[in-house]
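This is work_11.txt (compact mmCIF, C-alpha atoms).
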```txt
# COMPACT_ATOMS: atom_id res chain seq x y z
CA MET A 640 25.65 1.73 4.52
CA SER A 641 25.20 5.43 4.02
CA ARG A 642 24.28 7.46 7.05
CA SER A 643 20.83 8.87 6.68
CA SER A 644 19.36 11.31 9.11
CA THR A 645 16.00 11.47 7.39
CA ASN A 646 12.91 10.16 9.07
CA ILE A 647 12.09 6.56 8.22
CA LEU A 648 8.73 7.62 6.80
CA ASP A 649 10.42 9.97 4.34
CA ARG A 650 12.50 7.24 2.77
CA PRO A 651 11.25 5.40 -0.28
CA LEU A 652 9.82 1.93 0.20
CA GLY A 653 12.64 0.14 -1.52
CA ARG A 654 13.18 -0.88 -5.07
CA PRO A 655 11.09 -3.49 -6.76
CA GLY A 656 12.87 -6.75 -7.43
CA GLY A 657 16.48 -6.21 -6.48
CA ARG A 658 17.27 -5.89 -2.83
CA ALA A 659 18.93 -2.77 -1.60
CA GLU A 660 22.30 -2.97 0.07
CA GLY A 661 21.82 -3.20 3.81
CA SER A 662 18.34 -4.67 3.61
CA VAL A 663 19.71 -8.14 4.27
CA VAL A 664 19.89 -9.09 7.92
CA SER A 665 22.73 -11.37 8.92
CA LEU A 666 21.73 -14.91 9.78
CA SER A 667 23.40 -14.84 13.18
CA ALA A 668 21.56 -11.69 14.17
CA PHE A 669 18.29 -13.24 13.10
CA ALA A 670 19.05 -16.50 14.88
CA TYR A 671 19.90 -14.63 18.07
CA ILE A 672 16.68 -12.65 18.11
CA TYR A 673 14.64 -15.64 17.05
CA SER A 674 16.04 -17.75 19.87
CA GLU A 675 15.01 -15.01 22.30
CA LEU A 676 11.53 -15.00 20.78
CA VAL A 677 11.22 -18.75 21.19
CA GLN A 678 12.51 -18.63 24.75
CA TYR A 679 10.15 -15.81 25.65
CA HIS A 680 7.15 -17.75 24.47
CA GLN A 681 8.43 -21.02 25.88
CA GLN A 682 8.47 -19.55 29.37
CA ARG A 683 4.88 -18.41 29.00
CA ALA A 684 3.40 -21.42 27.26
CA ALA A 685 2.06 -24.41 29.18
CA SER A 686 2.18 -26.87 26.33
CA ILE A 687 3.89 -27.53 23.01
CA SER A 688 0.81 -26.66 21.01
CA GLU A 689 0.42 -23.41 22.90
CA LEU A 690 4.03 -22.52 22.18
CA GLU A 691 3.47 -23.19 18.50
CA ARG A 692 0.29 -21.13 18.54
CA ARG A 693 2.14 -18.25 20.18
CA LEU A 694 4.87 -18.36 17.55
CA GLU A 695 2.23 -18.50 14.84
CA SER A 696 0.45 -15.43 16.13
CA ALA A 697 3.79 -13.59 16.27
CA GLY A 698 4.32 -14.43 12.61
CA TYR A 699 0.76 -13.65 11.56
CA VAL A 700 1.22 -9.89 11.98
CA VAL A 701 4.45 -10.09 9.98
CA GLY A 702 2.60 -11.91 7.20
CA LEU A 703 0.03 -9.16 6.83
CA LYS A 704 2.77 -6.55 6.57
CA VAL A 705 4.85 -8.62 4.18
CA LEU A 706 1.88 -9.04 1.87
CA GLU A 707 1.26 -5.30 1.58
CA MET A 708 4.94 -4.56 1.25
CA ILE A 709 5.68 -7.05 -1.52
CA ALA A 710 2.56 -6.11 -3.45
CA TYR A 711 3.48 -2.46 -3.23
CA ARG A 712 7.06 -3.05 -4.31
CA ALA A 713 5.94 -5.07 -7.30
CA LYS A 714 4.35 -1.84 -8.58
CA GLU A 715 1.80 -3.79 -10.59
CA THR A 716 -1.30 -2.75 -8.65
CA LYS A 717 -2.53 -6.30 -8.93
CA ARG A 718 -4.16 -8.49 -6.34
CA GLU A 719 -4.12 -12.26 -6.24
CA THR A 720 -7.65 -13.57 -6.57
CA ARG A 721 -7.07 -17.22 -7.44
CA LEU A 722 -6.03 -19.99 -5.14
CA MET A 723 -3.13 -21.26 -7.20
CA SER A 724 -1.75 -17.79 -7.90
CA ILE A 725 -1.69 -16.87 -4.22
CA LEU A 726 0.11 -20.13 -3.42
CA HIS A 727 2.68 -19.38 -6.08
CA PHE A 728 2.96 -15.87 -4.72
CA VAL A 729 3.71 -17.26 -1.25
CA SER A 730 6.18 -19.90 -2.37
CA SER A 731 8.08 -17.61 -4.71
CA SER A 732 7.71 -13.88 -3.98
CA VAL A 733 7.23 -14.10 -0.22
CA TRP A 734 9.94 -16.75 0.21
CA LYS A 735 12.37 -14.78 -1.95
CA SER A 736 11.90 -11.54 -0.09
CA LEU A 737 12.12 -13.17 3.33
CA PHE A 738 14.71 -15.89 2.83
CA GLY A 739 16.42 -14.92 -0.41
CA LYS A 740 15.34 -18.07 -2.24
CA ALA A 741 12.14 -19.64 -3.48
CA ALA A 742 10.53 -22.49 -1.56
CA ASP A 743 11.76 -25.87 -2.75
CA SER A 744 8.41 -27.23 -3.76
CA LEU A 745 4.70 -26.67 -3.67
CA GLU A 746 2.60 -29.80 -3.61
CA ARG A 747 -1.04 -30.65 -3.49
CA SER A 748 -2.15 -33.23 -0.98
CA ILE A 749 -3.32 -36.46 -2.56
CA ASP A 750 -5.78 -37.34 0.18
CA HIS A 751 -7.38 -33.95 0.74
CA ALA A 752 -8.30 -31.49 -1.97
CA ASP A 753 -8.17 -28.54 0.41
CA GLU A 754 -4.61 -29.18 1.57
CA TYR A 755 -1.41 -27.93 0.01
CA MET A 756 2.15 -28.30 1.15
CA ILE A 757 5.00 -25.84 0.84
CA ILE A 758 8.30 -27.61 1.38
CA ASP A 759 11.56 -25.99 2.38
CA TYR A 760 14.65 -28.21 2.70
CA GLU A 761 16.65 -25.55 4.50
CA PRO A 762 14.20 -23.68 6.70
CA ILE A 763 16.02 -20.68 8.08
CA ALA A 764 14.01 -20.28 11.28
CA SER A 765 15.03 -23.68 12.63
CA THR A 766 18.63 -23.65 11.35
CA PHE A 767 20.17 -23.41 14.80
CA VAL A 768 17.35 -25.01 16.73
CA SER A 769 17.61 -28.51 18.11
CA VAL A 770 14.39 -29.65 19.70
CA PRO A 771 14.94 -31.48 22.99
CA PRO A 772 13.24 -34.89 23.32
CA ASP A 773 10.78 -33.69 25.94
CA LEU A 774 9.33 -31.18 23.50
CA GLY A 775 8.71 -33.94 21.02
CA GLN A 776 6.74 -32.75 18.02
CA LEU A 777 7.58 -29.07 18.31
CA SER A 778 8.47 -27.42 15.05
CA ALA A 779 10.50 -24.27 15.41
CA ASP A 780 9.20 -23.15 12.02
CA ALA A 781 5.81 -22.35 13.53
CA TYR A 782 6.74 -18.69 13.23
CA VAL A 783 7.06 -19.03 9.45
CA SER A 784 3.76 -20.89 9.25
CA GLY A 785 2.23 -17.90 11.03
CA ILE A 786 3.67 -15.61 8.36
CA VAL A 787 2.17 -17.80 5.63
CA ALA A 788 -1.19 -17.75 7.41
CA GLY A 789 -0.99 -13.98 7.68
CA VAL A 790 -0.30 -13.54 3.98
CA LEU A 791 -3.09 -15.92 2.96
CA ASP A 792 -5.61 -14.49 5.39
CA GLY A 793 -4.80 -10.95 4.38
CA ALA A 794 -5.36 -11.77 0.73
CA GLY A 795 -8.75 -13.26 1.57
CA PHE A 796 -7.80 -16.93 1.59
CA SER A 797 -8.33 -17.90 5.19
CA ALA A 798 -6.39 -21.04 5.94
CA ARG A 799 -4.99 -23.02 8.81
CA VAL A 800 -1.25 -23.33 8.34
CA THR A 801 0.86 -25.67 10.43
CA ALA A 802 4.57 -26.38 10.33
CA HIS A 803 5.97 -29.87 10.53
CA SER A 804 9.51 -31.13 10.66
CA VAL A 805 9.84 -34.20 8.47
CA GLN A 806 12.89 -36.36 8.14
CA VAL A 807 14.50 -36.13 4.73
CA GLU A 808 14.76 -39.51 3.06
CA GLU A 809 18.07 -40.54 1.65
CA GLY A 810 18.63 -39.29 -1.87
CA GLU A 811 15.49 -37.17 -1.75
CA TYR A 812 17.31 -33.91 -1.70
CA THR A 813 20.89 -33.57 -2.79
CA LYS A 814 22.51 -30.27 -3.25
CA GLN A 815 26.05 -29.80 -4.46
CA GLY A 816 28.37 -28.67 -1.70
CA GLY A 817 26.00 -29.63 1.09
CA ASN A 818 24.20 -26.84 2.87
CA SER A 819 23.94 -23.46 1.18
CA ILE A 820 25.01 -21.86 4.45
CA PRO A 821 28.77 -22.53 4.65
CA GLY A 822 29.99 -24.49 7.64
CA ILE A 823 26.73 -26.24 8.36
CA PRO A 824 26.21 -29.93 7.59
CA PRO A 825 23.26 -30.88 5.37
CA ARG A 826 19.94 -30.74 7.15
CA LYS A 827 18.28 -33.96 8.25
CA ASP A 828 14.85 -32.38 8.51
CA LYS A 829 12.79 -30.50 6.01
CA ALA A 830 10.02 -28.10 6.92
CA VAL A 831 6.60 -28.90 5.55
CA PHE A 832 4.05 -26.13 5.79
CA LEU A 833 0.63 -27.68 5.57
CA VAL A 834 -1.96 -25.23 4.27
CA LYS A 835 -5.57 -26.20 4.84
CA PHE A 836 -7.98 -23.78 3.22
CA SER A 837 -11.41 -22.98 4.61
CA PRO A 838 -14.34 -24.51 2.73
CA GLU A 839 -15.68 -21.10 1.66
CA VAL A 840 -12.36 -20.26 0.00
CA LEU A 841 -12.51 -23.45 -2.07
CA SER A 842 -16.12 -22.95 -3.07
CA ARG A 843 -15.39 -19.38 -4.11
CA ASP A 844 -12.43 -20.49 -6.17
CA ALA A 845 -14.52 -23.21 -7.79
CA ALA A 846 -17.13 -20.59 -8.68
CA LEU A 847 -14.46 -18.40 -10.29
CA GLU A 848 -13.36 -21.35 -12.40
CA ARG A 849 -16.52 -21.14 -14.44
CA MET B 1092 -22.84 23.86 -6.04
CA SER B 1093 -19.72 21.76 -5.82
CA SER B 1094 -20.38 18.43 -4.20
CA PRO B 1095 -18.54 17.32 -1.08
CA VAL B 1096 -15.91 14.62 -1.26
CA LEU B 1097 -15.92 11.80 1.26
CA PHE B 1098 -12.98 9.47 1.68
CA VAL B 1099 -13.04 6.37 3.88
CA ILE B 1100 -10.53 3.55 4.45
CA VAL B 1101 -12.23 0.33 5.45
CA GLY B 1102 -10.36 -2.62 6.91
CA LYS B 1103 -11.95 -6.01 7.29
CA ASN B 1104 -15.21 -4.73 8.74
CA GLU B 1105 -14.35 -1.50 10.43
CA PRO B 1106 -13.51 1.99 9.21
CA LEU B 1107 -9.85 2.85 9.70
CA PHE B 1108 -9.93 6.43 8.54
CA GLU B 1109 -12.57 8.91 7.51
CA ALA B 1110 -12.21 12.33 6.01
CA GLU B 1111 -14.85 14.62 4.66
CA ILE B 1112 -13.77 17.44 2.46
CA ASP B 1113 -16.63 19.82 1.96
CA THR B 1114 -15.61 21.95 -0.95
CA SER B 1115 -18.65 24.19 -0.69
CA LEU B 1116 -17.72 25.30 2.82
CA SER B 1117 -14.02 25.78 2.37
CA SER B 1118 -13.94 29.34 1.01
CA THR B 1119 -16.44 31.07 3.27
CA GLY B 1120 -15.76 29.08 6.41
CA GLY B 1121 -19.48 28.92 7.16
CA THR B 1122 -22.66 27.80 5.59
CA PRO B 1123 -23.10 29.51 2.25
CA GLY B 1124 -26.37 31.23 1.47
CA GLY B 1125 -29.27 28.93 0.80
CA VAL B 1126 -27.80 25.87 2.51
CA THR B 1127 -28.93 25.57 6.08
CA GLN B 1128 -27.17 23.57 8.73
CA GLN B 1129 -29.88 20.94 8.59
CA GLN B 1130 -29.51 20.46 4.88
CA SER B 1131 -25.78 19.95 5.04
CA GLU B 1132 -26.31 17.48 7.86
CA MET B 1133 -28.78 15.64 5.69
CA SER B 1134 -26.35 15.46 2.79
CA THR B 1135 -23.62 14.22 5.10
CA ARG B 1136 -25.82 11.39 6.25
CA GLN B 1137 -26.76 10.61 2.72
CA ASN B 1138 -23.13 10.56 1.65
CA TYR B 1139 -22.26 8.04 4.33
CA PHE B 1140 -25.26 5.96 3.38
CA VAL B 1141 -24.26 5.87 -0.27
CA LEU B 1142 -20.68 5.00 0.56
CA HIS B 1143 -21.53 2.25 2.99
CA SER B 1144 -24.11 0.71 0.72
CA ALA B 1145 -21.45 0.54 -1.97
CA LEU B 1146 -19.42 -1.79 0.26
CA ASP B 1147 -21.55 -4.73 -0.80
CA LEU B 1148 -20.87 -3.99 -4.45
CA VAL B 1149 -17.17 -3.81 -3.71
CA GLU B 1150 -17.18 -7.24 -2.08
CA LYS B 1151 -19.02 -8.56 -5.09
CA SER B 1152 -16.68 -7.18 -7.72
CA ALA B 1153 -13.53 -7.76 -5.68
CA TRP B 1154 -13.11 -11.31 -6.93
CA THR B 1155 -13.96 -10.70 -10.55
CA THR B 1156 -10.86 -8.67 -11.27
CA ASN B 1157 -7.28 -8.88 -10.11
CA SER B 1158 -6.70 -5.19 -10.48
CA MET B 1159 -6.42 -3.07 -7.36
CA TYR B 1160 -8.27 -0.13 -8.84
CA LEU B 1161 -11.93 -1.06 -9.21
CA ARG B 1162 -12.98 2.25 -10.81
CA VAL B 1163 -16.51 3.48 -10.16
CA VAL B 1164 -18.43 0.77 -8.33
CA ASP B 1165 -21.65 2.63 -7.60
CA LYS B 1166 -23.54 5.62 -8.93
CA VAL B 1167 -26.30 7.41 -7.08
CA ASN B 1168 -27.74 10.50 -8.74
CA GLN B 1169 -24.73 12.73 -9.44
CA GLN B 1170 -22.46 10.95 -7.01
CA GLN B 1171 -20.02 8.22 -7.78
CA VAL B 1172 -18.09 5.84 -5.55
CA SER B 1173 -14.59 4.90 -6.68
CA THR B 1174 -12.75 2.11 -4.92
CA PHE B 1175 -9.21 0.86 -4.61
CA LEU B 1176 -8.32 -2.44 -2.94
CA THR B 1177 -4.89 -3.14 -1.50
CA ALA B 1178 -3.28 -6.56 -1.54
CA ALA B 1179 -4.64 -7.27 1.94
CA ASN B 1180 -8.12 -6.25 0.81
CA VAL B 1181 -8.21 -2.96 2.64
CA LYS B 1182 -10.70 -0.75 0.86
CA PHE B 1183 -10.09 2.87 -0.06
CA MET B 1184 -13.43 4.38 -0.96
CA LEU B 1185 -14.00 7.83 -2.38
CA LEU B 1186 -17.35 9.46 -2.91
CA HIS B 1187 -17.23 12.26 -5.42
CA GLY B 1188 -19.28 14.13 -7.96
CA GLY B 1189 -17.72 12.65 -11.05
CA LYS B 1190 -14.05 13.51 -11.24
CA GLY B 1191 -11.62 12.29 -13.86
CA GLU B 1192 -10.45 8.68 -13.68
CA GLU B 1193 -6.79 9.66 -13.81
CA VAL B 1194 -7.07 12.15 -10.95
CA ILE B 1195 -8.67 9.55 -8.72
CA LYS B 1196 -6.21 6.86 -9.71
CA ASN B 1197 -3.30 9.11 -8.81
CA PHE B 1198 -4.93 10.04 -5.54
CA PHE B 1199 -5.42 6.37 -4.63
CA ASN B 1200 -1.86 5.50 -5.55
CA GLU B 1201 -0.56 8.29 -3.34
CA VAL B 1202 -2.70 7.17 -0.40
CA TYR B 1203 -1.63 3.57 -1.03
CA GLY B 1204 2.01 4.55 -0.64
CA TYR B 1205 1.34 6.31 2.65
CA TYR B 1206 -0.81 3.46 3.89
CA VAL B 1207 1.85 0.82 3.19
CA LYS B 1208 4.42 2.96 4.99
CA VAL B 1209 2.25 3.29 8.08
CA ARG B 1210 1.43 -0.36 7.87
CA THR B 1211 4.93 -1.72 7.53
CA TYR B 1212 7.21 0.80 9.24
CA MET B 1213 5.41 1.10 12.53
CA PRO B 1214 6.44 -1.84 14.70
CA TYR B 1215 3.55 -1.37 17.12
CA TYR B 1216 0.89 -0.85 14.50
CA LEU B 1217 -1.71 -3.54 14.98
CA PRO B 1218 -3.49 -4.85 11.93
CA PHE B 1219 -6.83 -3.20 11.28
CA SER B 1220 -6.43 -0.46 13.85
CA ASN B 1221 -7.11 3.18 13.08
CA VAL B 1222 -4.69 4.70 10.63
CA GLY B 1223 -5.10 8.25 11.78
CA ILE B 1224 -7.39 10.65 13.51
CA ILE B 1225 -10.95 9.68 12.90
CA THR B 1226 -13.29 12.55 12.23
CA TYR B 1227 -16.28 10.45 12.95
CA ASP B 1228 -19.44 12.42 12.45
CA GLU B 1229 -21.57 12.40 15.54
CA CYS B 1230 -24.78 12.67 13.61
CA LEU B 1231 -24.26 9.14 12.31
CA THR B 1232 -24.43 7.54 15.72
CA PRO B 1233 -28.00 6.92 16.79
CA SER B 1234 -28.82 9.37 19.53
```
Could I get this file's structure written as structure tokens?
Amino acid sequence: MSRSSTNILDRPLGRPGGRAEGSVVSLSAFAYIYSELVQYHQQRAASISELERRLESAGYVVGLKVLEMIAYRAKETKRETRLMSILHFVSSSVWKSLFGKAADSLERSIDHADEYMIIDYEPIASTFVSVPPDLGQLSADAYVSGIVAGVLDGAGFSARVTAHSVQVEEGEYTKQGGNSIPGIPPRKDKAVFLVKFSPEVLSRDAALER
Amino acid sequence: MSSPVLFVIVGKNEPLFEAEIDTSLSSTGGTPGGVTQQQSEMSTRQNYFVLHSALDLVEKSAWTTNSMYLRVVDKVNQQQVSTFLTAANVKFMLLHGGKGEEVIKNFFNEVYGYYVKVRTYMPYYLPFSNVGIITYDECLTPS
């Protein structure tokens, strides 16, 4: 990386599309800091749900920033005003800029019209996290769900986003060569980010349909 | 008489930045002949009123277009209110006396760049907190 003595505010905001050399953070560095973040909040949280909420609020601020940043880099001066387009924006653009790949799938809940699911078979945040039995239902991807909530809320689609670790069924997800991160066995859990939109968001989107 | 220009950045509900550029006062450094202090105070109040009342129109038109630049959203007498919405629905509002579309668009784009930098580069910047020094006019607060 070239040595630059200029102030960070004087540098350009990065190129649209392609990622600049040096803008990729190594996975081990991320995992190290993330484990500290989880530990910090774990010490201060009384329950599992509080820990998840703390991680979510840490991610929320990131989400708001990520939204502005990606939109600015796209150089299109466009905003997302429709429900489906913002979901696609999250599962493709946001995922690509944060994790270097698009989310594996985006599904609509069959039972509830206001619920959508973003599924990631190799969630980065919980790559090196093994949840002890006494923490039960904790999902270490709560931080990412906070980011998603931040992006959606910032764009005017207030939603409750929760992260869930779901066991991958056999044959559901097969990727050649196992895990895309070398040296790691295939994941047993996938991360499901459940997005539940507020009623006013849905009614507004229905009104725009006409 | 050249009309003053008022620029405000509005977050979710609260102003983040306000700047009033009074072009009629800039050259002489004082009140020019004919315009008393009271009159300029009146026009300041009126400017704020026009700008803030345009907020409702912005909210209304925000969902009808997916462009960030909403052009002129409100016109009162000779004054126009141009608006620019960022991806996170932060509103840049400019009250002016009818300037060219291109000039305003360029101005908004420049401000947008600075705003995103402040927003994303500052690790301790909290969402929807003041972007800079607020020159909040005292005459607006009910005394």
To one decimal place, how far is atom CA of B:Met1213 from atom CA of B:Val1181 in Å?
->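 Between atom CA of B:Met1213 and atom CA of B:Val1181 the gap is 17.3 Å.
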Choose the residue, out of B:Trp1154, B:Ser1173, B:Gly1191, B:Tyr1206, that has the smallest atom-to-atom separation from chain A; count all atoms listed in the file.
-> B:Trp1154
Report the closest atom pair, with its distance in Å rounded to one decimal, for each residue of chain A that has an atom no farther than 9 Å from chain B; count all atoms listed in the file, sort by chain and then rising residue number, and write it as a Markdown table.
```
| residue | atom | partner | partner_atom | distance |
| --- | --- | --- | --- | --- |
| A:Ile647 | CA | B:Tyr1212 | CA | 7.6 |
| A:Leu648 | CA | B:Lys1208 | CA | 6.6 |
| A:Pro651 | CA | B:Lys1208 | CA | 9.0 |
| A:Leu652 | CA | B:Lys1208 | CA | 7.3 |
| A:Val700 | CA | B:Pro1218 | CA | 6.9 |
| A:Val701 | CA | B:Thr1211 | CA | 8.7 |
| A:Leu703 | CA | B:Ala1179 | CA | 7.0 |
| A:Lys704 | CA | B:Thr1211 | CA | 5.4 |
| A:Val705 | CA | B:Thr1211 | CA | 7.7 |
| A:Leu706 | CA | B:Ala1178 | CA | 6.7 |
| A:Glu707 | CA | B:Ala1178 | CA | 5.7 |
| A:Met708 | CA | B:Val1207 | CA | 6.5 |
| A:Ile709 | CA | B:Ala1178 | CA | 9.0 |
| A:Ala710 | CA | B:Ala1178 | CA | 6.2 |
| A:Tyr711 | CA | B:Val1207 | CA | 7.4 |
| A:Glu715 | CA | B:Ser1158 | CA | 8.6 |
| A:Thr716 | CA | B:Met1159 | CA | 5.3 |
| A:Lys717 | CA | B:Ser1158 | CA | 4.6 |
| A:Arg718 | CA | B:Asn1157 | CA | 4.9 |
| A:Glu719 | CA | B:Asn1157 | CA | 6.0 |
| A:Thr720 | CA | B:Asn1157 | CA | 5.9 |
| A:Arg721 | CA | B:Trp1154 | CA | 8.5 |
| A:Val790 | CA | B:Ala1179 | CA | 7.9 |
| A:Leu791 | CA | B:Ala1179 | CA | 8.8 |
| A:Asp792 | CA | B:Ala1179 | CA | 8.1 |
| A:Gly793 | CA | B:Ala1179 | CA | 4.4 |
| A:Ala794 | CA | B:Ala1179 | CA | 4.7 |
| A:Gly795 | CA | B:Asn1180 | CA | 7.1 |
| A:Arg843 | CA | B:Trp1154 | CA | 8.8 |
| A:Leu847 | CA | B:Thr1155 | CA | 7.7 |
```
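Between atom CA of B:Val1163 and atom CA of A:Leu841 the interatomic distance comes to 28.4 Å.
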Nearby residues (all atoms listed in the file) at most 10 Å from A:Gln776, same-chain spacing under 2 positions excluded, as an mmCIF file with C-alpha atoms, in the coordinates of the input:
```cif
data_model
loop_
_atom_site.group_PDB
_atom_site.id
_atom_site.type_symbol
_atom_site.label_atom_id
_atom_site.label_comp_id
_atom_site.auth_asym_id
_atom_site.auth_seq_id
_atom_site.Cartn_x
_atom_site.Cartn_y
_atom_site.Cartn_z
ATOM 1 C CA ILE A 687 3.890 -27.530 23.010
ATOM 2 C CA SER A 688 0.810 -26.660 21.010
ATOM 3 C CA VAL A 770 14.390 -29.650 19.700
ATOM 4 C CA PRO A 771 14.940 -31.480 22.990
ATOM 5 C CA PRO A 772 13.240 -34.890 23.320
ATOM 6 C CA ASP A 773 10.780 -33.690 25.940
ATOM 7 C CA LEU A 774 9.330 -31.180 23.500
ATOM 8 C CA SER A 778 8.470 -27.420 15.050
ATOM 9 C CA ALA A 779 10.500 -24.270 15.410
ATOM 10 C CA HIS A 803 5.970 -29.870 10.530
ATOM 11 C CA SER A 804 9.510 -31.130 10.660
#
```
Nearest to A:Arg799 by atom-to-atom distance, counting only C-alpha atoms, from A:Ser842, A:Ala713, A:Glu695, A:Leu737 |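 Looking only at the distances to A:Arg799, the closest residue turns out to be A:Glu695.
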Take stretch 682-693 of chain A, bring it up to N, CA, C and O atoms, and give me the output as a compact mmCIF listing (two decimals), in the coordinates of the input.
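Output file result-v2.txt follows:
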```txt
# COMPACT_ATOMS: atom_id res chain seq x y z
N GLN A 682 8.67 -19.77 27.94
CA GLN A 682 8.47 -19.55 29.37
C GLN A 682 7.00 -19.31 29.71
O GLN A 682 6.56 -19.55 30.82
N ARG A 683 6.26 -18.80 28.73
CA ARG A 683 4.88 -18.41 29.00
C ARG A 683 3.86 -19.43 28.49
O ARG A 683 2.67 -19.26 28.71
N ALA A 684 4.34 -20.44 27.81
CA ALA A 684 3.40 -21.42 27.26
C ALA A 684 3.39 -22.67 28.13
O ALA A 684 4.43 -23.11 28.64
N ALA A 685 2.21 -23.22 28.32
CA ALA A 685 2.06 -24.41 29.18
C ALA A 685 2.28 -25.70 28.40
O ALA A 685 2.65 -26.72 28.97
N SER A 686 2.05 -25.65 27.10
CA SER A 686 2.18 -26.87 26.33
C SER A 686 2.87 -26.59 25.00
O SER A 686 3.08 -25.43 24.63
N ILE A 687 3.21 -27.67 24.30
CA ILE A 687 3.89 -27.53 23.01
C ILE A 687 2.98 -26.83 22.00
O ILE A 687 3.40 -25.93 21.27
N SER A 688 1.71 -27.25 22.00
CA SER A 688 0.81 -26.66 21.01
C SER A 688 0.57 -25.18 21.30
O SER A 688 0.39 -24.38 20.39
N GLU A 689 0.59 -24.83 22.58
CA GLU A 689 0.42 -23.41 22.90
C GLU A 689 1.64 -22.60 22.45
O GLU A 689 1.51 -21.49 21.95
N LEU A 690 2.81 -23.18 22.64
CA LEU A 690 4.03 -22.52 22.18
C LEU A 690 3.99 -22.30 20.67
O LEU A 690 4.32 -21.21 20.18
N GLU A 691 3.56 -23.33 19.95
CA GLU A 691 3.47 -23.19 18.50
C GLU A 691 2.45 -22.12 18.13
O GLU A 691 2.67 -21.33 17.21
N ARG A 692 1.32 -22.11 18.84
CA ARG A 692 0.29 -21.13 18.54
C ARG A 692 0.80 -19.71 18.81
O ARG A 692 0.50 -18.78 18.07
N ARG A 693 1.58 -19.57 19.86
CA ARG A 693 2.14 -18.25 20.18
C ARG A 693 3.10 -17.79 19.09
O ARG A 693 3.09 -16.63 18.68
```
